[in-house]
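Below is my_file35.csv, which holds CSV, C-alpha atoms and all ligand atoms.
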chain,number,residue,atom,x,y,z
A,1,MET,CA,94.5,92.5,91.5
A,2,PRO,CA,93.3,89.5,89.5
A,3,VAL,CA,91.9,86.4,91.2
A,4,LEU,CA,90.6,83.2,89.5
A,5,VAL,CA,87.7,81.5,91.2
A,6,LEU,CA,87.7,78.0,89.9
A,7,ASN,CA,84.8,75.5,90.5
A,8,GLY,CA,84.9,71.7,89.8
A,9,PRO,CA,82.3,69.1,88.8
A,10,ASN,CA,78.6,69.5,89.5
A,11,LEU,CA,79.0,73.0,90.9
A,12,GLY,CA,77.3,74.4,87.8
A,13,ARG,CA,74.1,72.8,89.2
A,14,LEU,CA,74.1,74.8,92.4
A,15,GLY,CA,70.6,75.9,93.3
A,16,SER,CA,69.0,72.6,92.1
A,17,ARG,CA,71.6,70.2,93.4
A,18,GLU,CA,70.9,68.9,96.9
A,19,PRO,CA,69.8,72.4,98.2
A,20,GLU,CA,69.6,71.0,101.7
A,21,VAL,CA,73.4,70.5,101.5
A,22,TYR,CA,74.6,73.2,99.2
A,23,GLY,CA,72.0,75.9,99.6
A,24,SER,CA,69.6,77.6,97.2
A,25,THR,CA,72.0,80.0,95.6
A,26,SER,CA,72.3,79.2,91.9
A,27,TYR,CA,75.7,79.0,90.2
A,28,ASP,CA,74.8,82.2,88.2
A,29,ASP,CA,74.0,84.0,91.5
A,30,LEU,CA,77.3,82.8,93.0
A,31,VAL,CA,79.2,84.2,90.0
A,32,VAL,CA,77.5,87.6,90.3
A,33,SER,CA,78.1,87.6,94.1
A,34,CYS,CA,81.8,86.7,93.7
A,35,ARG,CA,82.3,89.5,91.2
A,36,ALA,CA,80.5,92.0,93.5
A,37,TRP,CA,82.5,90.9,96.6
A,38,GLY,CA,85.7,91.1,94.6
A,39,ALA,CA,84.9,94.6,93.3
A,40,ASP,CA,84.2,95.8,96.9
A,41,LEU,CA,87.6,94.4,97.9
A,42,GLY,CA,89.5,95.8,94.9
A,43,LEU,CA,89.9,92.4,93.3
A,44,GLU,CA,89.3,91.7,89.7
A,45,VAL,CA,87.5,88.3,90.0
A,46,GLU,CA,87.0,85.9,87.1
A,47,VAL,CA,84.8,82.9,87.9
A,48,ARG,CA,84.9,79.6,86.0
A,49,GLN,CA,83.3,76.2,86.4
A,50,THR,CA,84.0,72.9,84.6
A,51,ASP,CA,83.1,69.2,85.1
A,52,SER,CA,86.5,68.3,83.6
A,53,GLU,CA,89.7,67.6,85.5
A,54,ALA,CA,91.7,68.5,82.4
A,55,ASP,CA,90.2,72.0,82.3
A,56,LEU,CA,90.9,72.6,86.0
A,57,VAL,CA,94.6,71.5,85.5
A,58,ALA,CA,94.9,73.8,82.5
A,59,TRP,CA,93.4,76.8,84.4
A,60,LEU,CA,95.7,76.2,87.3
A,61,HIS,CA,98.7,76.1,84.9
A,62,GLU,CA,97.4,79.5,83.5
A,63,ALA,CA,97.3,80.9,87.1
A,64,ALA,CA,100.8,79.5,87.8
A,65,ASP,CA,102.2,81.0,84.6
A,66,SER,CA,100.6,84.4,85.4
A,67,GLY,CA,101.2,84.5,89.1
A,68,ILE,CA,97.5,84.8,89.8
A,69,ALA,CA,95.9,84.0,93.2
A,70,VAL,CA,93.2,81.2,93.1
A,71,VAL,CA,90.1,80.4,95.1
A,72,LEU,CA,89.4,76.8,94.3
A,73,ASN,CA,86.4,74.6,95.0
A,74,PRO,CA,87.7,71.3,93.6
A,75,ALA,CA,84.3,69.6,94.5
A,76,ALA,CA,84.7,65.8,94.4
A,77,PHE,CA,88.2,66.1,93.0
A,78,THR,CA,89.1,67.4,96.4
A,79,HIS,CA,89.2,63.9,97.7
A,80,TYR,CA,91.3,62.1,95.2
A,81,SER,CA,92.8,64.1,92.4
A,82,TYR,CA,96.6,64.0,92.7
A,83,ALA,CA,96.7,65.7,89.2
A,84,LEU,CA,94.9,68.7,90.7
A,85,ARG,CA,97.2,68.7,93.7
A,86,ASP,CA,100.3,68.6,91.5
A,87,ALA,CA,98.9,71.5,89.5
A,88,CYS,CA,98.2,73.5,92.7
A,89,VAL,CA,101.8,73.0,93.9
A,90,GLN,CA,103.0,75.0,90.9
A,91,LEU,CA,101.1,78.1,91.9
A,92,SER,CA,103.3,81.0,93.3
A,93,ALA,CA,100.4,83.2,94.4
A,94,PRO,CA,98.1,82.1,97.3
A,95,LEU,CA,95.6,79.3,96.9
A,96,ILE,CA,92.4,79.3,99.1
A,97,GLU,CA,90.5,76.0,99.0
A,98,VAL,CA,86.8,76.6,99.6
A,99,HIS,CA,83.7,74.4,100.1
A,100,LEU,CA,80.1,75.3,100.5
A,101,SER,CA,79.4,72.4,102.9
A,102,ASN,CA,81.7,71.2,105.7
A,103,PRO,CA,83.2,68.0,104.3
A,104,MET,CA,84.5,67.0,107.7
A,105,ALA,CA,80.9,66.8,109.0
A,106,ARG,CA,79.8,64.5,106.1
A,107,GLU,CA,80.6,61.0,104.7
A,108,GLU,CA,84.0,59.6,105.6
A,109,PHE,CA,85.3,59.7,102.0
A,110,ARG,CA,84.9,63.5,102.1
A,111,HIS,CA,87.2,63.8,105.2
A,112,THR,CA,90.3,63.5,103.0
A,113,SER,CA,91.4,66.5,101.0
A,114,VAL,CA,94.5,66.0,98.8
A,115,ILE,CA,94.4,69.8,98.2
A,116,SER,CA,94.4,71.2,101.8
A,117,GLY,CA,98.1,70.3,102.3
A,118,VAL,CA,99.2,72.5,99.4
A,119,ALA,CA,96.7,75.4,99.9
A,120,SER,CA,97.4,78.6,101.8
A,121,GLY,CA,94.2,78.0,103.7
A,122,THR,CA,90.8,76.3,103.6
A,123,ILE,CA,87.3,77.8,104.2
A,124,ALA,CA,84.4,75.3,104.4
A,125,GLY,CA,80.9,75.1,105.7
A,126,PHE,CA,79.6,78.7,105.2
A,127,GLY,CA,77.7,78.2,101.9
A,128,ALA,CA,78.3,80.9,99.3
A,129,ASP,CA,79.8,83.0,102.1
A,130,SER,CA,82.8,80.6,102.0
A,131,TYR,CA,83.8,82.3,98.8
A,132,ARG,CA,83.3,85.8,100.3
A,133,LEU,CA,85.5,84.9,103.2
A,134,ALA,CA,88.2,83.5,100.9
A,135,LEU,CA,88.2,86.7,98.8
A,136,GLN,CA,88.4,88.7,102.1
A,137,ALA,CA,91.3,86.6,103.2
A,138,LEU,CA,93.1,87.3,99.9
A,139,ALA,CA,92.4,91.0,100.0
A,140,GLY,CA,92.9,91.5,103.8
A,141,THR,CA,96.2,89.9,104.1
A,142,GLY,CA,97.5,91.4,100.9
A,143,LEU,CA,98.2,87.9,99.7
A,144,SER,CA,96.7,88.3,96.2
A,201,LIG,C1,82.0,70.4,97.9
A,201,LIG,C2,82.2,69.2,98.8
A,201,LIG,C3,82.6,68.0,98.1
A,201,LIG,O1,82.7,66.9,98.9
A,201,LIG,C4,81.6,67.7,97.0
A,201,LIG,O2,82.0,66.6,96.2
A,201,LIG,C5,81.2,68.8,96.2
A,201,LIG,C6,81.1,70.1,96.8
A,201,LIG,C7,81.5,71.7,98.7
A,201,LIG,O3,81.6,72.8,98.1
A,201,LIG,O4,80.9,71.5,99.8
A,201,LIG,O5,80.9,68.7,95.0
A,201,LIG,O6,83.3,70.8,97.4
Just give me the structure of the file as structure tokens.
Amino acid sequence: MPVLVLNGPNLGRLGSREPEVYGSTSYDDLVVSCRAWGADLGLEVEVRQTDSEADLVAWLHEAADSGIAVVLNPAAFTHYSYALRDACVQLSAPLIEVHLSNPMAREEFRHTSVISGVASGTIAGFGADSYRLALQALAGTGLS
């Protein structure tokens, strides 16, 4: 079962970016882990990252057209991108929103997610494990 794991802006800098908030796992390590977790769960995981809102919208259109499930860390776009939300609404397969940190325990501007209301579920606050839990949720419920 194919799953797209999509990552938004600044997530390519994981490992060096605010490790006290986002952990010491590098983006490359996260990609390797997601592929391995997916393989264990019988999911064919493809991981992508971009700093561009247009890329994310295009990748969500691709997932919508192919009926593919998505694990999405929208990063800062979480808090204000209606373009991303509108693209998410077009998905027919499940969408799991993930965050490494727990935005609700951070600055007030992070308390709003324009994505949560159109996601199947949200997993936040468990570092890289948030992605593992999201893949488990997709596999375990047969949602993917
Ligand atoms: C994040 C949380 C967002 O508020 C932030 O802008 C990010 C990362 C997370 O994974 O914890 O870039 O999505």
* To do: Figure out the distance between atom CA of A:Gly67 and atom O4 of ligand LIG 201 (chain A), please, to one decimal in Å.
  =>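 That distance, rounded to one decimal, is 26.4 Å.
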* Asked: Skipping near chain neighbours, those fewer than 4 positions away, what residues fall within 6 Å of stretch 73-84 of chain A using all atoms listed in the file, listed as JSON, numbers by chain?
  -> {"A": [7, 8, 57, 97, 98, 99, 112, 113, 114]}
* **Neighbour list for stretch 22-25 of chain A as a list in words, cut-off 10 Å, only C-alpha atoms, skip fewer than 2 positions in-chain** =>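 Answer for this query is Leu11, Arg13, Leu14, Gly15, Ser16, Arg17, Glu18, Pro19, Glu20, Tyr27, Asp28, Asp29, Leu30, Ser33, His99, Leu100, Ser101, Asn102, Gly125, Phe126, Gly127 and Ala128 of chain A.
Nearest residue to A:Cys88, choosing from A:Ala134, A:Glu107, A:Gly42, A:Leu6 and counting only C-alpha atoms: A:Leu6.
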* Asked: Taking into account all atoms listed in the file, which residue in the set A:Val89, A:Leu135, A:Ser130, A:Pro103 is nearest to A:Leu4?
  ->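 Of A:Val89, A:Leu135, A:Ser130, A:Pro103, the one nearest A:Leu4 is A:Leu135, counting all atoms listed in the file.
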* Point-to-point distance from atom CA of A:Glu62 to atom CA of A:Thr50, Å rounded to tenths ->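 Rounded to one decimal, the two atoms are 15.0 Å apart.
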Give me the box for stretch 131-138 of chain A as AutoDock Vina command-line options, namely the centre and edge lengths in Å to one decimal of a box along x, y and z that holds every listed atom plus 8 Å on each side.
--center_x 88.2 --center_y 85.5 --center_z 101.0 --size_x 25.8 --size_y 22.4 --size_z 20.4
* Between A:Ala124, A:Leu138, A:Ala36, A:Trp59, which is the closest to A:Arg106 once you count only C-alpha atoms? -> A:Ala124
* Asked: So how far away is atom CA of A:Ala119 from atom CA of A:Leu95, in Å?
  -> 5.0 Å
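Among the candidates A:Met1, A:His111, A:Val47, A:Leu41, the one nearest to ligand LIG 201 (chain A) when counting all atoms listed in the file is A:His111.
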* Counting all atoms listed in the file, which of A:Asp65, A:Asp86, A:Glu46, A:Asp51 gets nearest to ligand LIG 201 (chain A)? -> A:Asp51
* Structure fact -> If you count only C-alpha atoms and all ligand atoms, the residue of A:Gln49, A:Asp40, A:Ala87, A:Ala93 closest to ligand LIG 201 (chain A) turns out to be A:Gln49
